[in-house]
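This is run-v3.cif (mmCIF, C-alpha atoms).
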```
data_work
loop_
_atom_site.group_PDB
_atom_site.id
_atom_site.type_symbol
_atom_site.label_atom_id
_atom_site.label_comp_id
_atom_site.auth_asym_id
_atom_site.auth_seq_id
_atom_site.Cartn_x
_atom_site.Cartn_y
_atom_site.Cartn_z
ATOM 1 C CA MET A 1198 -9.883 -14.506 -19.410
ATOM 2 C CA GLU A 1199 -11.547 -11.263 -18.339
ATOM 3 C CA TYR A 1200 -9.651 -8.407 -16.712
ATOM 4 C CA ALA A 1201 -10.333 -5.034 -15.162
ATOM 5 C CA ILE A 1202 -7.869 -2.183 -15.516
ATOM 6 C CA GLY A 1203 -7.055 -0.259 -12.345
ATOM 7 C CA ALA A 1204 -5.304 3.108 -12.069
ATOM 8 C CA ASP A 1205 -4.033 4.501 -8.764
ATOM 9 C CA ILE A 1206 -3.229 8.230 -8.902
ATOM 10 C CA GLY A 1207 -1.216 9.587 -5.979
ATOM 11 C CA GLY A 1208 0.895 12.629 -5.285
ATOM 12 C CA THR A 1209 4.174 10.846 -6.062
ATOM 13 C CA LYS A 1210 3.312 8.006 -8.449
ATOM 14 C CA ILE A 1211 0.706 6.707 -10.867
ATOM 15 C CA GLN A 1212 0.286 2.954 -11.121
ATOM 16 C CA VAL A 1213 -1.865 1.167 -13.694
ATOM 17 C CA ALA A 1214 -2.457 -2.601 -13.691
ATOM 18 C CA ALA A 1215 -4.568 -5.318 -15.242
ATOM 19 C CA VAL A 1216 -6.296 -7.315 -12.497
ATOM 20 C CA ASP A 1217 -8.274 -10.543 -12.732
ATOM 21 C CA ARG A 1218 -11.410 -11.425 -10.756
ATOM 22 C CA GLU A 1219 -9.323 -13.036 -8.002
ATOM 23 C CA GLY A 1220 -7.498 -9.755 -7.364
ATOM 24 C CA ARG A 1221 -4.263 -10.861 -9.021
ATOM 25 C CA VAL A 1222 -2.145 -8.270 -10.831
ATOM 26 C CA VAL A 1223 -1.090 -9.712 -14.202
ATOM 27 C CA CYS A 1224 0.839 -6.718 -15.567
ATOM 28 C CA ARG A 1225 1.536 -3.191 -14.398
ATOM 29 C CA HIS A 1226 2.846 0.218 -15.445
ATOM 30 C CA LEU A 1227 4.383 2.665 -12.944
ATOM 31 C CA VAL A 1228 5.490 6.282 -13.499
ATOM 32 C CA PRO A 1229 6.170 9.316 -11.284
ATOM 33 C CA THR A 1230 3.207 11.674 -11.047
ATOM 34 C CA GLU A 1231 5.205 14.911 -11.411
ATOM 35 C CA ALA A 1232 2.124 16.754 -10.211
ATOM 36 C CA HIS A 1233 3.937 20.101 -10.352
ATOM 37 C CA LEU A 1234 3.731 19.908 -14.161
ATOM 38 C CA GLY A 1235 -0.030 20.314 -13.977
ATOM 39 C CA PRO A 1236 -3.240 18.282 -14.134
ATOM 40 C CA ALA A 1237 -3.229 17.821 -17.917
ATOM 41 C CA GLN A 1238 0.004 15.829 -17.831
ATOM 42 C CA VAL A 1239 -1.203 13.800 -14.824
ATOM 43 C CA MET A 1240 -4.293 12.811 -16.782
ATOM 44 C CA GLU A 1241 -2.297 12.026 -19.912
ATOM 45 C CA LYS A 1242 0.153 9.873 -17.942
ATOM 46 C CA MET A 1243 -2.721 7.879 -16.505
ATOM 47 C CA LEU A 1244 -4.423 7.447 -19.903
ATOM 48 C CA THR A 1245 -1.137 6.446 -21.539
ATOM 49 C CA GLY A 1246 -0.579 3.931 -18.743
ATOM 50 C CA VAL A 1247 -3.982 2.390 -19.456
ATOM 51 C CA GLU A 1248 -3.132 2.156 -23.165
ATOM 52 C CA LEU A 1249 0.203 0.458 -22.476
ATOM 53 C CA THR A 1250 -1.383 -1.963 -20.026
ATOM 54 C CA LEU A 1251 -4.097 -2.909 -22.525
ATOM 55 C CA SER A 1252 -1.438 -3.469 -25.195
ATOM 56 C CA ARG A 1253 0.365 -6.012 -22.994
ATOM 57 C CA LEU A 1254 -2.679 -8.264 -22.590
ATOM 58 C CA PRO A 1255 -3.373 -11.207 -24.912
ATOM 59 C CA GLY A 1256 -5.463 -10.395 -27.954
ATOM 60 C CA ASP A 1257 -8.341 -12.544 -26.726
ATOM 61 C CA ALA A 1258 -8.457 -10.921 -23.281
ATOM 62 C CA GLY A 1259 -11.832 -9.515 -22.252
ATOM 63 C CA ILE A 1260 -11.934 -6.081 -20.607
ATOM 64 C CA ALA A 1261 -14.787 -5.577 -18.160
ATOM 65 C CA GLY A 1262 -14.037 -1.940 -17.417
ATOM 66 C CA ILE A 1263 -11.623 0.566 -15.928
ATOM 67 C CA GLY A 1264 -11.472 1.714 -12.307
ATOM 68 C CA VAL A 1265 -9.564 4.715 -10.976
ATOM 69 C CA GLY A 1266 -8.609 5.610 -7.429
ATOM 70 C CA SER A 1267 -7.379 9.158 -6.949
ATOM 71 C CA ALA A 1268 -6.098 11.285 -4.121
ATOM 72 C CA GLY A 1269 -8.616 13.969 -3.211
ATOM 73 C CA GLN A 1270 -12.360 14.024 -2.699
ATOM 74 C CA ILE A 1271 -14.322 12.457 -5.545
ATOM 75 C CA ASP A 1272 -17.910 12.904 -6.688
ATOM 76 C CA PHE A 1273 -18.551 9.215 -7.323
ATOM 77 C CA ALA A 1274 -21.675 9.697 -9.462
ATOM 78 C CA SER A 1275 -19.904 11.909 -12.010
ATOM 79 C CA GLY A 1276 -16.369 10.608 -11.478
ATOM 80 C CA THR A 1277 -15.114 14.172 -11.082
ATOM 81 C CA VAL A 1278 -12.558 15.445 -8.568
ATOM 82 C CA ALA A 1279 -14.549 17.545 -6.096
ATOM 83 C CA PHE A 1280 -11.438 18.767 -4.281
ATOM 84 C CA ALA A 1281 -7.731 17.983 -4.302
ATOM 85 C CA GLY A 1282 -5.105 19.494 -2.041
ATOM 86 C CA ASP A 1283 -1.544 20.587 -2.634
ATOM 87 C CA GLN A 1284 -0.287 17.108 -3.504
ATOM 88 C CA LEU A 1285 -2.160 17.346 -6.834
ATOM 89 C CA PRO A 1286 -2.298 21.070 -7.670
ATOM 90 C CA GLY A 1287 -4.993 22.030 -10.141
ATOM 91 C CA TRP A 1288 -6.593 18.559 -9.988
ATOM 92 C CA THR A 1289 -9.881 19.888 -8.541
ATOM 93 C CA GLY A 1290 -12.634 19.698 -11.150
ATOM 94 C CA THR A 1291 -10.930 17.093 -13.343
ATOM 95 C CA PRO A 1292 -13.602 14.909 -15.052
ATOM 96 C CA ILE A 1293 -11.735 11.601 -14.765
ATOM 97 C CA LYS A 1294 -14.640 9.278 -15.569
ATOM 98 C CA SER A 1295 -15.725 11.047 -18.747
ATOM 99 C CA ARG A 1296 -12.144 11.334 -20.034
ATOM 100 C CA VAL A 1297 -11.508 7.617 -19.508
ATOM 101 C CA GLU A 1298 -14.796 6.538 -21.103
ATOM 102 C CA GLU A 1299 -14.312 8.867 -24.086
ATOM 103 C CA ARG A 1300 -10.803 7.538 -24.689
ATOM 104 C CA PHE A 1301 -11.426 3.807 -24.287
ATOM 105 C CA GLY A 1302 -15.166 3.146 -24.547
ATOM 106 C CA PHE A 1303 -15.241 0.901 -21.461
ATOM 107 C CA PRO A 1304 -17.373 1.633 -18.381
ATOM 108 C CA ALA A 1305 -15.330 3.533 -15.791
ATOM 109 C CA TYR A 1306 -15.637 3.945 -12.019
ATOM 110 C CA VAL A 1307 -13.762 6.587 -10.025
ATOM 111 C CA ASP A 1308 -13.429 7.012 -6.282
ATOM 112 C CA ASN A 1309 -11.161 8.339 -3.556
ATOM 113 C CA ASP A 1310 -7.901 6.423 -3.096
ATOM 114 C CA VAL A 1311 -8.745 5.163 0.401
ATOM 115 C CA ASN A 1312 -12.266 4.164 -0.626
ATOM 116 C CA VAL A 1313 -10.793 1.889 -3.284
ATOM 117 C CA VAL A 1314 -8.428 0.394 -0.702
ATOM 118 C CA ALA A 1315 -11.574 -0.442 1.287
ATOM 119 C CA VAL A 1316 -12.974 -2.153 -1.820
ATOM 120 C CA ALA A 1317 -9.793 -4.251 -2.092
ATOM 121 C CA GLU A 1318 -10.031 -5.232 1.573
ATOM 122 C CA GLN A 1319 -13.761 -5.964 1.206
ATOM 123 C CA LEU A 1320 -13.330 -8.321 -1.739
ATOM 124 C CA TYR A 1321 -9.921 -9.854 -1.067
ATOM 125 C CA GLY A 1322 -8.617 -8.904 2.364
ATOM 126 C CA ALA A 1323 -9.351 -8.271 6.006
ATOM 127 C CA GLY A 1324 -12.860 -6.967 5.286
ATOM 128 C CA ARG A 1325 -13.994 -10.079 3.450
ATOM 129 C CA GLY A 1326 -17.306 -11.274 4.881
ATOM 130 C CA LEU A 1327 -17.827 -8.104 6.929
ATOM 131 C CA ASP A 1328 -20.786 -5.789 6.454
ATOM 132 C CA SER A 1329 -19.505 -2.926 8.591
ATOM 133 C CA PHE A 1330 -15.900 -1.788 8.904
ATOM 134 C CA LEU A 1331 -13.592 1.214 8.715
ATOM 135 C CA CYS A 1332 -10.288 1.542 6.903
ATOM 136 C CA VAL A 1333 -7.655 3.853 8.386
ATOM 137 C CA ALA A 1334 -4.650 4.549 6.153
ATOM 138 C CA LEU A 1335 -1.634 5.860 8.066
ATOM 139 C CA GLY A 1336 0.644 7.477 5.517
ATOM 140 C CA THR A 1337 2.091 10.978 5.218
ATOM 141 C CA GLY A 1338 -1.422 11.991 6.275
ATOM 142 C CA ILE A 1339 -4.322 9.895 7.520
ATOM 143 C CA GLY A 1340 -7.040 8.775 5.139
ATOM 144 C CA GLY A 1341 -10.166 6.829 5.873
ATOM 145 C CA ALA A 1342 -13.096 4.939 4.441
ATOM 146 C CA ILE A 1343 -16.368 3.805 5.991
ATOM 147 C CA VAL A 1344 -18.212 0.675 4.848
ATOM 148 C CA GLU A 1345 -21.745 0.131 6.126
ATOM 149 C CA ALA A 1346 -24.113 -2.614 4.947
ATOM 150 C CA GLY A 1347 -21.417 -3.600 2.477
ATOM 151 C CA ARG A 1348 -21.345 -0.193 0.786
ATOM 152 C CA ILE A 1349 -18.931 2.741 0.897
ATOM 153 C CA VAL A 1350 -20.380 5.706 2.800
ATOM 154 C CA ARG A 1351 -19.624 8.800 0.691
ATOM 155 C CA GLY A 1352 -21.757 11.563 2.182
ATOM 156 C CA ALA A 1353 -23.350 14.510 0.401
ATOM 157 C CA GLN A 1354 -20.273 15.542 -1.604
ATOM 158 C CA GLY A 1355 -18.046 12.469 -1.551
ATOM 159 C CA CYS A 1356 -16.227 13.767 1.527
ATOM 160 C CA ALA A 1357 -17.264 11.163 4.122
ATOM 161 C CA GLY A 1358 -14.425 9.225 5.699
ATOM 162 C CA GLU A 1359 -12.016 12.121 6.268
ATOM 163 C CA LEU A 1360 -10.957 10.332 9.450
ATOM 164 C CA GLY A 1361 -7.623 12.140 9.705
ATOM 165 C CA HIS A 1362 -9.441 15.387 10.400
ATOM 166 C CA VAL A 1363 -11.227 14.288 13.553
ATOM 167 C CA SER A 1364 -9.845 16.398 16.400
ATOM 168 C CA VAL A 1365 -8.281 14.732 19.430
ATOM 169 C CA ASP A 1366 -7.320 18.064 21.092
ATOM 170 C CA PHE A 1367 -9.307 21.247 20.557
ATOM 171 C CA ASN A 1368 -6.382 23.219 22.029
ATOM 172 C CA GLY A 1369 -3.914 21.505 19.712
ATOM 173 C CA PRO A 1370 -2.048 22.971 16.727
ATOM 174 C CA ARG A 1371 -4.068 24.283 13.820
ATOM 175 C CA CYS A 1372 -4.355 21.972 10.816
ATOM 176 C CA GLY A 1373 -3.223 23.616 7.599
ATOM 177 C CA ASN A 1374 -5.403 21.309 5.513
ATOM 178 C CA CYS A 1375 -8.814 21.668 7.151
ATOM 179 C CA GLY A 1376 -8.501 24.569 9.617
ATOM 180 C CA ASN A 1377 -9.470 22.591 12.739
ATOM 181 C CA ASN A 1378 -7.263 22.262 15.803
ATOM 182 C CA GLY A 1379 -5.656 19.053 17.011
ATOM 183 C CA CYS A 1380 -6.554 16.767 14.114
ATOM 184 C CA VAL A 1381 -5.371 13.209 14.697
ATOM 185 C CA GLU A 1382 -3.373 13.506 11.457
ATOM 186 C CA LEU A 1383 -1.130 16.029 13.252
ATOM 187 C CA TYR A 1384 -0.074 13.343 15.753
ATOM 188 C CA ALA A 1385 -0.314 9.854 14.273
ATOM 189 C CA SER A 1386 0.492 10.217 10.562
ATOM 190 C CA GLY A 1387 4.031 9.915 9.253
ATOM 191 C CA SER A 1388 4.334 13.694 9.103
ATOM 192 C CA GLY A 1389 2.733 14.018 12.552
ATOM 193 C CA ILE A 1390 5.179 11.609 14.178
ATOM 194 C CA ALA A 1391 8.059 13.467 12.505
ATOM 195 C CA ARG A 1392 6.649 16.766 13.851
ATOM 196 C CA LEU A 1393 6.543 15.388 17.390
ATOM 197 C CA GLY A 1394 10.154 14.240 16.988
ATOM 198 C CA ARG A 1395 11.292 17.667 15.801
ATOM 199 C CA GLU A 1396 9.513 19.383 18.673
ATOM 200 C CA LEU A 1397 11.051 17.031 21.235
ATOM 201 C CA ILE A 1398 14.522 17.821 19.909
ATOM 202 C CA ALA A 1399 13.869 21.588 19.722
ATOM 203 C CA GLU A 1400 12.287 21.952 23.153
ATOM 204 C CA SER A 1401 14.710 19.871 25.205
ATOM 205 C CA ALA A 1402 18.345 18.970 25.580
ATOM 206 C CA VAL A 1403 17.615 15.578 24.011
ATOM 207 C CA ARG A 1404 19.906 14.610 21.153
ATOM 208 C CA PRO A 1405 18.644 11.187 20.149
ATOM 209 C CA ALA A 1406 20.393 8.821 17.761
ATOM 210 C CA TRP A 1407 17.382 8.994 15.429
ATOM 211 C CA GLY A 1408 16.425 11.845 13.132
ATOM 212 C CA PRO A 1409 12.951 13.405 12.989
ATOM 213 C CA ASP A 1410 11.681 10.822 10.530
ATOM 214 C CA SER A 1411 8.687 8.626 11.341
ATOM 215 C CA ARG A 1412 10.336 5.388 10.226
ATOM 216 C CA GLU A 1413 13.504 6.096 12.215
ATOM 217 C CA ILE A 1414 11.449 6.990 15.288
ATOM 218 C CA ALA A 1415 9.341 3.832 14.994
ATOM 219 C CA GLN A 1416 12.412 1.625 14.647
ATOM 220 C CA ALA A 1417 14.090 3.315 17.633
ATOM 221 C CA TRP A 1418 10.897 2.718 19.645
ATOM 222 C CA LEU A 1419 10.997 -0.980 18.797
ATOM 223 C CA GLN A 1420 14.612 -1.055 20.005
ATOM 224 C CA GLY A 1421 13.702 0.483 23.364
ATOM 225 C CA ASP A 1422 14.791 4.104 22.890
ATOM 226 C CA PRO A 1423 13.018 6.102 25.649
ATOM 227 C CA HIS A 1424 12.711 9.332 23.646
ATOM 228 C CA ALA A 1425 11.237 7.521 20.647
ATOM 229 C CA ALA A 1426 8.914 5.791 23.125
ATOM 230 C CA TRP A 1427 7.615 9.193 24.263
ATOM 231 C CA VAL A 1428 6.856 10.209 20.658
ATOM 232 C CA MET A 1429 5.178 6.920 19.800
ATOM 233 C CA ASP A 1430 3.158 6.956 23.034
ATOM 234 C CA VAL A 1431 1.691 10.339 22.070
ATOM 235 C CA ALA A 1432 0.964 9.117 18.540
ATOM 236 C CA ILE A 1433 -0.663 5.876 19.715
ATOM 237 C CA ARG A 1434 -2.797 7.592 22.370
ATOM 238 C CA ALA A 1435 -3.957 10.211 19.848
ATOM 239 C CA LEU A 1436 -4.843 7.566 17.262
ATOM 240 C CA ALA A 1437 -6.577 5.389 19.860
ATOM 241 C CA THR A 1438 -8.646 8.385 20.984
ATOM 242 C CA ALA A 1439 -9.778 8.966 17.402
ATOM 243 C CA ILE A 1440 -10.500 5.292 16.728
ATOM 244 C CA ALA A 1441 -12.524 5.051 19.945
ATOM 245 C CA GLY A 1442 -14.616 7.923 18.609
ATOM 246 C CA TYR A 1443 -15.063 6.184 15.263
ATOM 247 C CA ILE A 1444 -16.173 3.011 17.044
ATOM 248 C CA HIS A 1445 -18.724 4.799 19.191
ATOM 249 C CA MET A 1446 -20.063 6.609 16.124
ATOM 250 C CA CYS A 1447 -20.158 3.708 13.634
ATOM 251 C CA ASN A 1448 -20.183 0.526 15.765
ATOM 252 C CA PRO A 1449 -18.127 -1.383 13.157
ATOM 253 C CA GLN A 1450 -17.228 -5.042 13.168
ATOM 254 C CA ALA A 1451 -13.611 -4.096 12.498
ATOM 255 C CA VAL A 1452 -11.195 -1.225 12.079
ATOM 256 C CA ILE A 1453 -8.640 -2.138 9.402
ATOM 257 C CA VAL A 1454 -5.358 -0.247 9.723
ATOM 258 C CA GLY A 1455 -2.854 0.032 6.896
ATOM 259 C CA GLY A 1456 -0.250 2.376 5.458
ATOM 260 C CA GLY A 1457 3.393 3.041 6.173
ATOM 261 C CA VAL A 1458 3.097 3.812 9.894
ATOM 262 C CA SER A 1459 1.172 0.596 10.561
ATOM 263 C CA GLU A 1460 3.988 -1.367 8.936
ATOM 264 C CA THR A 1461 5.940 -0.814 12.162
ATOM 265 C CA GLY A 1462 4.513 -4.242 12.925
ATOM 266 C CA PRO A 1463 2.580 -6.190 15.553
ATOM 267 C CA SER A 1464 3.965 -4.172 18.479
ATOM 268 C CA PHE A 1465 2.349 -1.028 17.102
ATOM 269 C CA LEU A 1466 -1.029 -2.656 16.496
ATOM 270 C CA GLU A 1467 -1.009 -4.405 19.882
ATOM 271 C CA ALA A 1468 -0.237 -1.147 21.707
ATOM 272 C CA LEU A 1469 -2.906 0.641 19.685
ATOM 273 C CA ASP A 1470 -5.518 -2.027 20.402
ATOM 274 C CA ARG A 1471 -4.832 -1.856 24.153
ATOM 275 C CA GLU A 1472 -5.370 1.905 24.119
ATOM 276 C CA VAL A 1473 -8.523 1.662 22.018
ATOM 277 C CA ARG A 1474 -10.067 -0.902 24.350
ATOM 278 C CA VAL A 1475 -9.631 1.225 27.473
ATOM 279 C CA ARG A 1476 -11.283 4.150 25.685
ATOM 280 C CA THR A 1477 -14.438 2.366 24.450
ATOM 281 C CA SER A 1478 -17.561 1.233 26.238
ATOM 282 C CA PRO A 1479 -17.928 -2.535 26.792
ATOM 283 C CA ASN A 1480 -20.870 -3.039 24.450
ATOM 284 C CA VAL A 1481 -19.354 -1.470 21.322
ATOM 285 C CA ARG A 1482 -15.925 -2.857 22.232
ATOM 286 C CA SER A 1483 -17.257 -6.408 22.197
ATOM 287 C CA ALA A 1484 -18.175 -6.192 18.497
ATOM 288 C CA TYR A 1485 -14.964 -4.617 17.265
ATOM 289 C CA ARG A 1486 -11.628 -6.046 16.097
ATOM 290 C CA LEU A 1487 -8.498 -4.140 15.116
ATOM 291 C CA LEU A 1488 -7.086 -5.795 11.995
ATOM 292 C CA PRO A 1489 -4.003 -5.155 9.867
ATOM 293 C CA ALA A 1490 -4.654 -4.410 6.216
ATOM 294 C CA TYR A 1491 -4.181 -7.568 4.210
ATOM 295 C CA VAL A 1492 -3.888 -6.651 0.540
ATOM 296 C CA GLY A 1493 -0.673 -4.642 0.975
ATOM 297 C CA ASN A 1494 1.137 -2.155 -1.250
ATOM 298 C CA ASP A 1495 -0.983 -3.015 -4.293
ATOM 299 C CA ALA A 1496 -4.252 -2.334 -2.480
ATOM 300 C CA GLY A 1497 -4.786 0.971 -4.292
ATOM 301 C CA VAL A 1498 -4.485 -0.352 -7.825
ATOM 302 C CA ILE A 1499 -6.258 -3.648 -7.037
ATOM 303 C CA GLY A 1500 -9.102 -1.801 -5.337
ATOM 304 C CA ALA A 1501 -9.370 0.650 -8.222
ATOM 305 C CA ALA A 1502 -9.781 -2.254 -10.650
ATOM 306 C CA ALA A 1503 -12.069 -4.167 -8.281
ATOM 307 C CA GLN A 1504 -14.656 -1.379 -8.521
ATOM 308 C CA VAL A 1505 -15.444 -2.865 -11.927
ATOM 309 C CA TRP A 1506 -16.322 -6.220 -10.361
ATOM 310 C CA LEU A 1507 -18.159 -4.696 -7.384
ATOM 311 C CA TYR A 1508 -20.274 -2.095 -9.167
ATOM 312 C CA GLY A 1509 -20.355 -3.594 -12.643
ATOM 313 C CA ASP A 1510 -21.937 -6.727 -11.239
ATOM 314 C CA GLY A 1511 -24.809 -4.603 -9.972
ATOM 315 C CA GLN A 1512 -23.907 -4.500 -6.283
#
```
Rewrite the coordinates I just gave you, this time as structure tokens.
Amino acid sequence: MEYAIGADIGGTKIQVAAVDREGRVVCRHLVPTEAHLGPAQVMEKMLTGVELTLSRLPGDAGIAGIGVGSAGQIDFASGTVAFAGDQLPGWTGTPIKSRVEERFGFPAYVDNDVNVVAVAEQLYGAGRGLDSFLCVALGTGIGGAIVEAGRIVRGAQGCAGELGHVSVDFNGPRCGNCGNNGCVELYASGSGIARLGRELIAESAVRPAWGPDSREIAQAWLQGDPHAAWVMDVAIRALATAIAGYIHMCNPQAVIVGGGVSETGPSFLEALDREVRVRTSPNVRSAYRLLPAYVGNDAGVIGAAAQVWLYGDGQ
């Protein structure tokens, strides 16, 4: 049996797994990132996780390669971190690919964490059989990936797909990450929804039963709370405005939505789809579908490993 090793490096945890060609995780290793301790220990934790995962496989197991998905912007050709924000301090400039290949001798592939989620969806999930689609990851922030003609669009410096930093209000609050005003991330991410909740409480006499937490707000919305409904309406309209822009720009077959906020369930996706459809022209709207991410919580580590199958097979 042949396996690929995948490593998913995020701001809070590092997960490493052995994955077969069908996208099945056969063993895994999970540790906290502890990014505040510096990039050297993040790298060593990931490399140690690969070693432990390899040691748990049968002696006759074949290893096709190692794939890494990392937070930040990645130069895919060199496998180096082009830029990483505050969630991984000091990570910018880290030569992930060369360190992995030097340590283990297997071919390595490194990409942005949302790009590898798109790979997982392309091979095993909602993007299977599609040539053109977008992935939108609604977490603490908003990440994105663009697939065109079956390939990830990376741009000149590996920065394409920063879909959370498309503005939906040029008079909106300033984004501390990119410097623009009114980025959709400020409204429809987990942190954005929490911000809207805090502002509602601070600027009115409202004292809702929920706290300014995106999950609490989403659950209160599902239960009919009118104040949570106001917050979620703003978030959904902002996200729909951004997605309508993506659709007009890229004309995809599908927009695949995943991440913690999307796990609110069908009501969220149905409301979002209604808003998107009224904001798009009939021709581009006819080609598009809004789809929930399929692969789930393991998409990052499965997609990281699946780079080995996708690129190692010469595609």
> Do you know which residues the PyMOL selection byres ((chain A and resi 1370-1387) around 8) returns on this file, as a PyMOL selection string?
Replying inline: chain A and resi 1282+1335-1339+1361-1369+1388-1393+1410-1412+1431-1433+1435-1436+1439+1457-1458
Generate the output file for the selected residues, C-alpha atoms, as a compact mmCIF listing (two decimals), keeping the file's coordinate frame.
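What follows is the written file out26.txt:
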```txt
# COMPACT_ATOMS: atom_id res chain seq x y z
CA GLY A 1282 -5.11 19.49 -2.04
CA LEU A 1335 -1.63 5.86 8.07
CA GLY A 1336 0.64 7.48 5.52
CA THR A 1337 2.09 10.98 5.22
CA GLY A 1338 -1.42 11.99 6.28
CA ILE A 1339 -4.32 9.90 7.52
CA GLY A 1361 -7.62 12.14 9.70
CA HIS A 1362 -9.44 15.39 10.40
CA VAL A 1363 -11.23 14.29 13.55
CA SER A 1364 -9.85 16.40 16.40
CA VAL A 1365 -8.28 14.73 19.43
CA ASP A 1366 -7.32 18.06 21.09
CA PHE A 1367 -9.31 21.25 20.56
CA ASN A 1368 -6.38 23.22 22.03
CA GLY A 1369 -3.91 21.50 19.71
CA SER A 1388 4.33 13.69 9.10
CA GLY A 1389 2.73 14.02 12.55
CA ILE A 1390 5.18 11.61 14.18
CA ALA A 1391 8.06 13.47 12.50
CA ARG A 1392 6.65 16.77 13.85
CA LEU A 1393 6.54 15.39 17.39
CA ASP A 1410 11.68 10.82 10.53
CA SER A 1411 8.69 8.63 11.34
CA ARG A 1412 10.34 5.39 10.23
CA VAL A 1431 1.69 10.34 22.07
CA ALA A 1432 0.96 9.12 18.54
CA ILE A 1433 -0.66 5.88 19.72
CA ALA A 1435 -3.96 10.21 19.85
CA LEU A 1436 -4.84 7.57 17.26
CA ALA A 1439 -9.78 8.97 17.40
CA GLY A 1457 3.39 3.04 6.17
CA VAL A 1458 3.10 3.81 9.89
```
>> As a check of understanding, name the residues that the PyMOL selection byres ((chain A and resi 1253) around 10) selects in the supplied structure, as number ranges by chain.
In response: A: 1215, 1223-1225, 1248-1252, 1254-1256
>> What does the structure give for the distance between CA of Ile1499 in chain A and CA of Gly1203 in chain A, in Å to one decimal?
In response: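 Separating CA of Ile1499 in chain A from CA of Gly1203 in chain A is a distance of 6.3 Å.
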>> I'd like the residues picked by the PyMOL selection byres ((chain A and resi 1265) around 7) written out as a count of residues only, using the chain letters and numbers from the file.
In response: 12
For Ala1232 in chain A: contacts at 8 Å, all atoms listed in the file, fewer than 5 positions along chain excluded, given as a PDB file with C-alpha atoms, keeping the file's coordinate frame:
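Saved file selection.pdb follows:
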```
ATOM      1  CA  GLY A1208       0.895  12.629  -5.285  1.00  0.00           C
ATOM      2  CA  THR A1209       4.174  10.846  -6.062  1.00  0.00           C
ATOM      3  CA  GLN A1238       0.004  15.829 -17.831  1.00  0.00           C
ATOM      4  CA  VAL A1239      -1.203  13.800 -14.824  1.00  0.00           C
ATOM      5  CA  GLN A1284      -0.287  17.108  -3.504  1.00  0.00           C
ATOM      6  CA  LEU A1285      -2.160  17.346  -6.834  1.00  0.00           C
ATOM      7  CA  PRO A1286      -2.298  21.070  -7.670  1.00  0.00           C
TER       8      PRO A1286
END
```
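Restricting the calculation to all atoms listed in the file, the smallest distance between Arg1296 in chain A and any of A:Ala1237, A:Ala1323, A:Arg1404, A:Val1428 is found for A:Ala1237.
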>> When you look at Pro1489 in chain A with a cut-off of 9 Å (counting all atoms listed in the file), what residues show up, excluding the ones that are within fewer than 3 positions of it in the same chain? I need them as a list in words.
In response: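 In the requested form, the answer reads Ala1323, Val1452, Ile1453, Val1454, Gly1455, Ser1459, Glu1460, Pro1463 and Leu1466 of chain A.
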> Given the choices A:Ala1399, A:Ile1440, A:Leu1234, A:Ile1414, which gets closest to Gly1341 in chain A if the distance is worked out from all atoms listed in the file?
Replying inline: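 Between A:Ala1399, A:Ile1440, A:Leu1234, A:Ile1414, the residue approaching Gly1341 in chain A most closely is A:Ile1440.
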> For Tyr1485 in chain A, which residue out of A:Glu1413, A:Val1350, A:Leu1331, A:Pro1405 is the nearest one, using only C-alpha atoms?
Replying inline: A:Leu1331
> Restricting the calculation to all atoms listed in the file, which member of A:Gly1246, A:Gly1207, A:Gly1421, A:Gly1262 is positioned closest to Thr1230 in chain A?
Replying inline: A:Gly1207
> Expressed in Å to a single decimal, how great is the separation between CA of Gly1259 in chain A and CA of Gln1319 in chain A?
Replying inline: 23.8 Å
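With distances taken from (-11.0, 2.3, 20.4) and restricted to only C-alpha atoms, the residues inside 9 Å are Leu1436, Ala1437, Thr1438, Ala1439, Ile1440, Ala1441, Gly1442, Tyr1443, Ile1444, His1445, Leu1469, Asp1470, Arg1471, Glu1472, Val1473, Arg1474, Val1475, Arg1476, Thr1477, Ser1478, Arg1482, Tyr1485 and Leu1487 of chain A.
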> CA of Ala1342 in chain A and CA of Asp1217 in chain A, how far apart in Å?
Replying inline: 23.6 Å
>> Measuring between only C-alpha atoms, which one of A:Ala1201, A:Gly1269, A:Ala1281, A:Gly1287 shows the shortest distance to His1233 in chain A?
In response: A:Gly1287
>> Give me, as an MDAnalysis selection string, all polymer residues having an atom no more than 7 Å from Gly1340 in chain A, counting all atoms listed in the file and skipping those fewer than 4 positions away in the same chain.
In response: chainID A and resid 1311 1333:1335 1359:1361
>> I need the residue nearest Gly1235 in chain A from this list: A:Gln1270, A:Ser1275, A:Asn1448, A:Thr1289. Use only C-alpha atoms for the distance.
In response: A:Thr1289
>> The residues within 9 Å of (-21.3, -6.9, 7.9), using only C-alpha atoms and the coordinates of the file, should be reported as a PyMOL selection string; which are they?
In response: chain A and resi 1324+1326-1330+1344-1347+1449-1450
Resulting file, chosen residues, C-alpha atoms, as a short mmCIF file (atom, residue, chain, number, x, y, z; two decimals), in the coordinates of the input:
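part_5.cif written:
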```
data_model
loop_
_atom_site.label_atom_id
_atom_site.label_comp_id
_atom_site.auth_asym_id
_atom_site.auth_seq_id
_atom_site.Cartn_x
_atom_site.Cartn_y
_atom_site.Cartn_z
CA GLY A 1324 -12.86 -6.97 5.29
CA GLY A 1326 -17.31 -11.27 4.88
CA LEU A 1327 -17.83 -8.10 6.93
CA ASP A 1328 -20.79 -5.79 6.45
CA SER A 1329 -19.50 -2.93 8.59
CA PHE A 1330 -15.90 -1.79 8.90
CA VAL A 1344 -18.21 0.68 4.85
CA GLU A 1345 -21.74 0.13 6.13
CA ALA A 1346 -24.11 -2.61 4.95
CA GLY A 1347 -21.42 -3.60 2.48
CA PRO A 1449 -18.13 -1.38 13.16
CA GLN A 1450 -17.23 -5.04 13.17
#
```
>> List the spatial neighbours of Thr1291 in chain A as a ChimeraX atom specification - criterion: any atom at most 10 Å away, all atoms listed in the file, same-chain residues fewer than 6 positions off excluded.
In response: /A:1236-1237,1240,1271,1276-1281
